[in-house]
Amino acid sequence: MLHLLRLEYTRSEEDAEPHVSAHVAFLERHHGAGTFLLSGQTVPSSEGGLIIVAGVDRQEAEKIAAEDPFVQAGVALYDITTIAPGRAHPALAALTGGRGVPPA
């Protein structure tokens with residue numbers, strides 16, 4: 001399973017600013033553990049950010065999202081979409097349980 005975590009600010013970016021350092025440490029910890037495959041801000045950044053999570057079930061993805069310092073400070077929340085990959089580019093096959101298909 002993969003999970004798409006969409007971070008949305010519930011307050012202004014200025015309100016989130018004091019928590020950026022802790023949020024970055026949170027991202028680095030989960031990237032280092034291999035749980036976060038990709039993370040980044042949306043464009044424009046005021047819309048929040050996205051994280052692709054792998055290797056955990058939905059319950060664990062929800063727990064991880066709740067531990068984000070932005071969420072704990074009340075300046076953001078996550079919408080989580082769980083994906084059961086059916087097709088993927090061969091370069092992503094290892095991340096999707098080997099269900100890669102050649103691009104058309």
# chains A, B, ... in the order shown; residues from 1 in each chain; ligands from 1
$ select_by_dssp --residues "range 20-66 of chain A" --states "helix (DSSP H, G or I)" --output "ChimeraX atom specification"
/A:20-32,45-47,58-66
$ select_by_dssp --residues "chain A" --states "strand (DSSP E)" --output "PyMOL selection string"
chain A and resi 2-9+36-41+49-54+76-83
$ closest_residue --among "A:Arg29, A:Pro69, A:Val75, A:Pro85" --to "Glu14 in chain A" --atoms "only C-alpha atoms"
A:Val75
$ closest_residue --among "A:Val20, A:Val43, A:Ile51, A:Leu2" --to "Asp79 in chain A" --atoms "only C-alpha atoms"
A:Ile51
$ closest_residue --among "A:His89, A:Ala73, A:Thr35, A:Leu95" --to "Pro18 in chain A" --atoms "only C-alpha atoms"
A:Ala73
$ closest_residue --among "A:Val24, A:Ile83, A:Ile64, A:Ala54" --to "Leu37 in chain A" --atoms "only C-alpha atoms"
A:Ala54
